[in-house]
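Asks: Following this line is start-v6.cif, made up of mmCIF, C-alpha atoms, pLDDT in the B column; chains and numbers go by the auth columns:
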```cif
data_upload
#
loop_
_atom_site.group_PDB
_atom_site.id
_atom_site.type_symbol
_atom_site.label_atom_id
_atom_site.label_comp_id
_atom_site.label_asym_id
_atom_site.label_seq_id
_atom_site.Cartn_x
_atom_site.Cartn_y
_atom_site.Cartn_z
_atom_site.B_iso_or_equiv
_atom_site.auth_seq_id
_atom_site.auth_asym_id
ATOM 1 C CA MET A 1 56.914 41.677 -17.976 64.00 14 I
ATOM 2 C CA PRO A 2 58.154 43.624 -20.960 81.00 15 I
ATOM 3 C CA ARG A 3 57.616 41.250 -23.875 86.00 16 I
ATOM 4 C CA ILE A 4 60.088 41.558 -26.722 90.00 17 I
ATOM 5 C CA PHE A 5 58.551 39.210 -29.286 91.00 18 I
ATOM 6 C CA ARG A 6 56.782 35.926 -29.789 92.00 19 I
ATOM 7 C CA LEU A 7 58.153 32.886 -31.638 92.00 20 I
ATOM 8 C CA GLY A 8 55.306 30.453 -32.240 93.00 21 I
ATOM 9 C CA PRO A 9 54.171 29.349 -28.760 95.00 22 I
ATOM 10 C CA TYR A 10 57.234 30.925 -27.044 95.00 23 I
ATOM 11 C CA TRP A 11 57.492 34.398 -25.549 94.00 24 I
ATOM 12 C CA VAL A 12 60.825 36.210 -25.288 95.00 25 I
ATOM 13 C CA TYR A 13 60.723 38.839 -22.531 94.00 26 I
ATOM 14 C CA PHE A 14 62.511 40.670 -19.720 91.00 27 I
ATOM 15 C CA TRP A 15 61.656 40.175 -16.068 84.00 28 I
ATOM 16 C CA SER A 16 60.583 43.555 -14.674 74.00 29 I
ATOM 17 C CA ASN A 17 62.551 43.550 -11.430 68.00 30 I
ATOM 18 C CA GLU A 18 66.153 42.830 -12.431 63.00 31 I
ATOM 19 C CA ASN A 19 67.475 44.184 -9.113 65.00 32 I
ATOM 20 C CA LYS A 20 70.277 46.633 -8.338 68.00 33 I
ATOM 21 C CA PRO A 21 72.982 46.339 -9.351 71.00 34 I
ATOM 22 C CA ILE A 22 71.305 45.356 -12.574 78.00 35 I
ATOM 23 C CA GLU A 23 72.078 41.910 -13.937 86.00 36 I
ATOM 24 C CA PRO A 24 73.902 41.494 -17.252 91.00 37 I
ATOM 25 C CA ILE A 25 71.615 41.705 -20.280 94.00 38 I
ATOM 26 C CA HIS A 26 69.515 38.594 -20.815 94.00 39 I
ATOM 27 C CA VAL A 27 66.090 37.433 -21.906 95.00 40 I
ATOM 28 C CA HIS A 28 63.707 34.870 -20.521 95.00 41 I
ATOM 29 C CA VAL A 29 61.860 32.419 -22.754 96.00 42 I
ATOM 30 C CA SER A 30 58.770 30.429 -21.859 95.00 43 I
ATOM 31 C CA LYS A 31 55.970 28.661 -23.609 93.00 44 I
ATOM 32 C CA GLY A 32 52.823 30.623 -22.942 85.00 45 I
ATOM 33 C CA ASN A 33 52.668 32.991 -19.981 85.00 46 I
ATOM 34 C CA PRO A 34 55.880 34.379 -18.463 86.00 47 I
ATOM 35 C CA THR A 35 57.108 32.561 -15.356 84.00 48 I
ATOM 36 C CA ALA A 36 59.791 33.307 -12.777 78.00 49 I
ATOM 37 C CA ASN A 37 61.612 30.044 -13.585 82.00 50 I
ATOM 38 C CA ALA A 38 61.720 30.459 -17.358 93.00 51 I
ATOM 39 C CA THR A 39 64.705 29.618 -19.535 96.00 52 I
ATOM 40 C CA LYS A 40 67.367 32.348 -19.271 95.00 53 I
ATOM 41 C CA ILE A 41 69.658 33.376 -22.148 97.00 54 I
ATOM 42 C CA TRP A 42 72.518 35.878 -21.760 96.00 55 I
ATOM 43 C CA ILE A 43 73.437 38.193 -24.643 96.00 56 I
ATOM 44 C CA THR A 44 77.166 38.868 -25.101 95.00 57 I
ATOM 45 C CA LYS A 45 78.901 42.067 -26.250 92.00 58 I
ATOM 46 C CA GLN A 46 79.188 40.506 -29.718 93.00 59 I
ATOM 47 C CA GLY A 47 75.421 39.902 -29.877 93.00 60 I
ATOM 48 C CA MET A 48 75.759 36.148 -29.409 95.00 61 I
ATOM 49 C CA CYS A 49 73.719 34.009 -27.005 95.00 62 I
ATOM 50 C CA TYR A 50 74.882 32.017 -24.024 95.00 63 I
ATOM 51 C CA LEU A 51 72.413 29.674 -22.342 96.00 64 I
ATOM 52 C CA CYS A 52 72.290 30.306 -18.599 95.00 65 I
ATOM 53 C CA HIS A 53 69.725 27.562 -17.928 95.00 66 I
ATOM 54 C CA ASN A 54 66.800 25.814 -19.579 96.00 67 I
ATOM 55 C CA GLN A 55 64.367 25.553 -16.685 94.00 68 I
ATOM 56 C CA SER A 56 61.433 25.804 -19.095 92.00 69 I
ATOM 57 C CA ARG A 57 62.685 22.533 -20.610 95.00 70 I
ATOM 58 C CA ILE A 58 62.417 23.827 -24.158 96.00 71 I
ATOM 59 C CA PRO A 59 63.299 21.023 -26.601 97.00 72 I
ATOM 60 C CA GLN A 60 66.856 21.405 -27.952 97.00 73 I
ATOM 61 C CA LYS A 61 65.754 21.885 -31.571 97.00 74 I
ATOM 62 C CA ASP A 62 63.377 24.695 -30.599 97.00 75 I
ATOM 63 C CA LEU A 63 65.968 26.215 -28.276 97.00 76 I
ATOM 64 C CA ARG A 64 68.611 26.328 -31.023 97.00 77 I
ATOM 65 C CA ASN A 65 66.162 28.102 -33.352 97.00 78 I
ATOM 66 C CA ILE A 66 65.111 30.550 -30.633 97.00 79 I
ATOM 67 C CA MET A 67 68.744 31.368 -29.847 97.00 80 I
ATOM 68 C CA ARG A 68 69.497 31.994 -33.533 97.00 81 I
ATOM 69 C CA ILE A 69 66.601 34.438 -33.743 97.00 82 I
ATOM 70 C CA ILE A 70 67.675 36.166 -30.523 97.00 83 I
ATOM 71 C CA GLU A 71 71.180 36.579 -31.970 97.00 84 I
ATOM 72 C CA ALA A 72 69.739 37.989 -35.203 97.00 85 I
ATOM 73 C CA GLN A 73 67.624 40.446 -33.170 96.00 86 I
ATOM 74 C CA SER A 74 70.264 41.259 -30.542 96.00 87 I
ATOM 75 C CA ASP A 75 70.463 44.946 -31.557 95.00 88 I
ATOM 76 C CA VAL A 76 66.712 45.323 -31.036 95.00 89 I
ATOM 77 C CA ILE A 77 66.874 43.462 -27.713 95.00 90 I
ATOM 78 C CA ILE A 78 69.766 45.600 -26.455 95.00 91 I
ATOM 79 C CA GLN A 79 67.866 48.786 -27.348 95.00 92 I
ATOM 80 C CA GLU A 80 64.736 47.510 -25.593 93.00 93 I
ATOM 81 C CA TRP A 81 66.838 46.658 -22.512 93.00 94 I
ATOM 82 C CA LEU A 82 68.206 50.211 -22.501 92.00 95 I
ATOM 83 C CA ASN A 83 64.673 51.587 -22.763 91.00 96 I
ATOM 84 C CA CYS A 84 63.501 49.439 -19.829 89.00 97 I
ATOM 85 C CA PHE A 85 66.495 49.579 -17.478 88.00 98 I
ATOM 86 C CA GLY A 86 68.555 52.582 -18.594 88.00 99 I
ATOM 87 C CA GLU A 87 71.898 50.764 -18.660 89.00 100 I
ATOM 88 C CA VAL A 88 73.499 47.663 -20.158 91.00 101 I
ATOM 89 C CA GLN A 89 76.082 45.330 -18.681 90.00 102 I
ATOM 90 C CA TYR A 90 77.237 42.140 -20.330 92.00 103 I
ATOM 91 C CA PHE A 91 77.922 38.652 -18.975 83.00 104 I
ATOM 92 C CA CYS A 92 80.902 38.355 -21.333 85.00 105 I
#
```
What does the file become when written as structure tokens?

Replies:
Amino acid sequence: MPRIFRLGPYWVYFWSNENKPIEPIHVHVSKGNPTANATKIWITKQGMCYLCHNQSRIPQKDLRNIMRIIEAQSDVIIQEWLNCFGEVQYFC
């Protein structure tokens, strides 16, 4: 799992096998080790976040802070996605 960064106990990362056609750009967030059912957050063309699901059950306060940081780092995340997958598509 390509890890992007760590926020306290939470890891923000990509899942390695995003399938073909590639899914729209998103990150997974989990507390501790990456899991297949981690919280999924889409990144929009404007660099904003859209919560797909919170299967990691991250508390709302933590999730809001994580999403703000992801938005602030969206340029870095998009570049990392390009490095990993070679193309970017957006959910919206």

Asks: Find the distance between atom CA of Asn46 of chain I and atom CA of Gln102 of chain I and write it in Å to one decimal.

Replies: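 Separation of atom CA of Asn46 of chain I and atom CA of Gln102 of chain I: 26.5 Å.
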
Asks: State, in Å with one decimal place, the distance from atom CA of Tyr26 of chain I to atom CA of His41 of chain I.

Replies: 5.4 Å

Asks: For Pro37 of chain I, find every residue with an atom within 10 Å (counting only C-alpha atoms), except residues of its own chain fewer than 4 positions away, and show them as a list in words.

Replies: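 Near Pro37 of chain I, the qualifying residues are Glu31, Trp55, Ile56, Thr57, Glu100, Val101, Gln102, Tyr103, Phe104 and Cys105 of chain I.
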
Asks: Just checking: using only C-alpha atoms, which residue out of I:His39, I:Arg16, I:Lys44, I:His66 ends up closest to Glu84 of chain I?

Replies: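 Nearest to Glu84 of chain I: I:His39.
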
Asks: Within 10 Å of Trp94 of chain I, counting only C-alpha atoms, which residues show up once you throw out same-chain ones fewer than 2 positions away? Write them as a ChimeraX atom specification, please.

Replies: /I:15,17,26-27,38-40,88-92,96-101

Asks: Listed atoms of segment 87-91 of chain I, axis-aligned box, 5 Å per side: centre and edge lengths to one decimal in Å, as JSON?

Replies:
```
{"center_x": 68.6, "center_y": 43.4, "center_z": -29.0, "size_x": 13.8, "size_y": 14.3, "size_z": 15.1}
```

Asks: Rank I:Ala51, I:Leu95, I:Ile79, I:Ile35 by their smallest atom-to-atom distance to Gly21 of chain I, using only C-alpha atoms, and report the top residue only.

Replies: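 Smallest distance to Gly21 of chain I is found for I:Ile79.
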
Asks: Step by step: start from the point (56.8, 30.2, -26.9) in the file's coordinates, keep every protein, DNA or RNA residue that has an atom no farther than 6 Å from it, count only C-alpha atoms, and write the set as number ranges by chain.

Replies: I: 20-24, 43-45

Asks: Work out how far atom CA of Trp28 of chain I is from atom CA of Cys62 of chain I, in Å to one decimal.

Replies: 17.4 Å

Asks: Using the chain letters and numbers from this file, what does the PyMOL selection byres ((chain I and resi 81) around 12) select? Give the answer as a list in words.

Replies: Leu20, Ile54, Ile56, Gly60, Met61, Cys62, Tyr63, Leu64, Lys74, Asp75, Leu76, Arg77, Asn78, Ile79, Met80, Ile82, Ile83, Glu84, Ala85, Gln86 and Ser87 of chain I

Asks: Could you write out as a list in words the residues that the PyMOL selection byres ((chain I and resi 70) around 9) matches in the shown file?

Replies: Ser43, Ala51, Thr52, Asn67, Gln68, Ser69, Ile71, Pro72 and Gln73 of chain I

Asks: Generate the coordinates of N, CA and C atoms for segment 57-75 of chain I; report them as an mmCIF file, keeping the file's coordinate frame.

Replies:
```cif
data_model
loop_
_atom_site.group_PDB
_atom_site.id
_atom_site.type_symbol
_atom_site.label_atom_id
_atom_site.label_comp_id
_atom_site.auth_asym_id
_atom_site.auth_seq_id
_atom_site.Cartn_x
_atom_site.Cartn_y
_atom_site.Cartn_z
ATOM 1 N N THR I 57 75.783 38.406 -25.257
ATOM 2 C CA THR I 57 77.166 38.868 -25.101
ATOM 3 C C THR I 57 77.383 40.195 -25.816
ATOM 4 N N LYS I 58 78.547 40.801 -25.586
ATOM 5 C CA LYS I 58 78.901 42.067 -26.250
ATOM 6 C C LYS I 58 78.870 41.934 -27.766
ATOM 7 N N GLN I 59 79.174 40.741 -28.274
ATOM 8 C CA GLN I 59 79.188 40.506 -29.718
ATOM 9 C C GLN I 59 77.803 40.180 -30.275
ATOM 10 N N GLY I 60 76.774 40.190 -29.424
ATOM 11 C CA GLY I 60 75.421 39.902 -29.877
ATOM 12 C C GLY I 60 75.110 38.412 -29.966
ATOM 13 N N MET I 61 75.983 37.594 -29.407
ATOM 14 C CA MET I 61 75.759 36.148 -29.409
ATOM 15 C C MET I 61 74.977 35.758 -28.155
ATOM 16 N N CYS I 62 74.480 34.524 -28.141
ATOM 17 C CA CYS I 62 73.719 34.009 -27.005
ATOM 18 C C CYS I 62 74.530 33.007 -26.214
ATOM 19 N N TYR I 63 74.271 32.987 -24.921
ATOM 20 C CA TYR I 63 74.882 32.017 -24.024
ATOM 21 C C TYR I 63 73.772 31.526 -23.106
ATOM 22 N N LEU I 64 73.504 30.238 -23.139
ATOM 23 C CA LEU I 64 72.413 29.674 -22.342
ATOM 24 C C LEU I 64 72.812 29.639 -20.872
ATOM 25 N N CYS I 65 72.068 30.326 -20.044
ATOM 26 C CA CYS I 65 72.290 30.306 -18.599
ATOM 27 C C CYS I 65 71.671 29.038 -18.017
ATOM 28 N N HIS I 66 70.402 28.800 -18.333
ATOM 29 C CA HIS I 66 69.725 27.562 -17.928
ATOM 30 C C HIS I 66 68.466 27.373 -18.764
ATOM 31 N N ASN I 67 68.006 26.148 -18.818
ATOM 32 C CA ASN I 67 66.800 25.814 -19.579
ATOM 33 C C ASN I 67 65.745 25.234 -18.638
ATOM 34 N N GLN I 68 65.349 26.024 -17.657
ATOM 35 C CA GLN I 68 64.367 25.553 -16.685
ATOM 36 C C GLN I 68 62.970 25.396 -17.279
ATOM 37 N N SER I 69 62.723 26.002 -18.425
ATOM 38 C CA SER I 69 61.433 25.804 -19.095
ATOM 39 C C SER I 69 61.391 24.473 -19.839
ATOM 40 N N ARG I 70 62.552 23.818 -19.914
ATOM 41 C CA ARG I 70 62.685 22.533 -20.610
ATOM 42 C C ARG I 70 62.233 22.620 -22.070
ATOM 43 N N ILE I 71 62.707 23.654 -22.739
ATOM 44 C CA ILE I 71 62.417 23.827 -24.158
ATOM 45 C C ILE I 71 63.207 22.761 -24.914
ATOM 46 N N PRO I 72 62.565 22.036 -25.827
ATOM 47 C CA PRO I 72 63.299 21.023 -26.601
ATOM 48 C C PRO I 72 64.502 21.645 -27.320
ATOM 49 N N GLN I 73 65.603 20.891 -27.400
ATOM 50 C CA GLN I 73 66.856 21.405 -27.952
ATOM 51 C C GLN I 73 66.709 21.997 -29.356
ATOM 52 N N LYS I 74 65.940 21.354 -30.217
ATOM 53 C CA LYS I 74 65.754 21.885 -31.571
ATOM 54 C C LYS I 74 65.099 23.265 -31.528
ATOM 55 N N ASP I 75 64.044 23.402 -30.738
ATOM 56 C CA ASP I 75 63.377 24.695 -30.599
ATOM 57 C C ASP I 75 64.311 25.722 -29.980
#
```
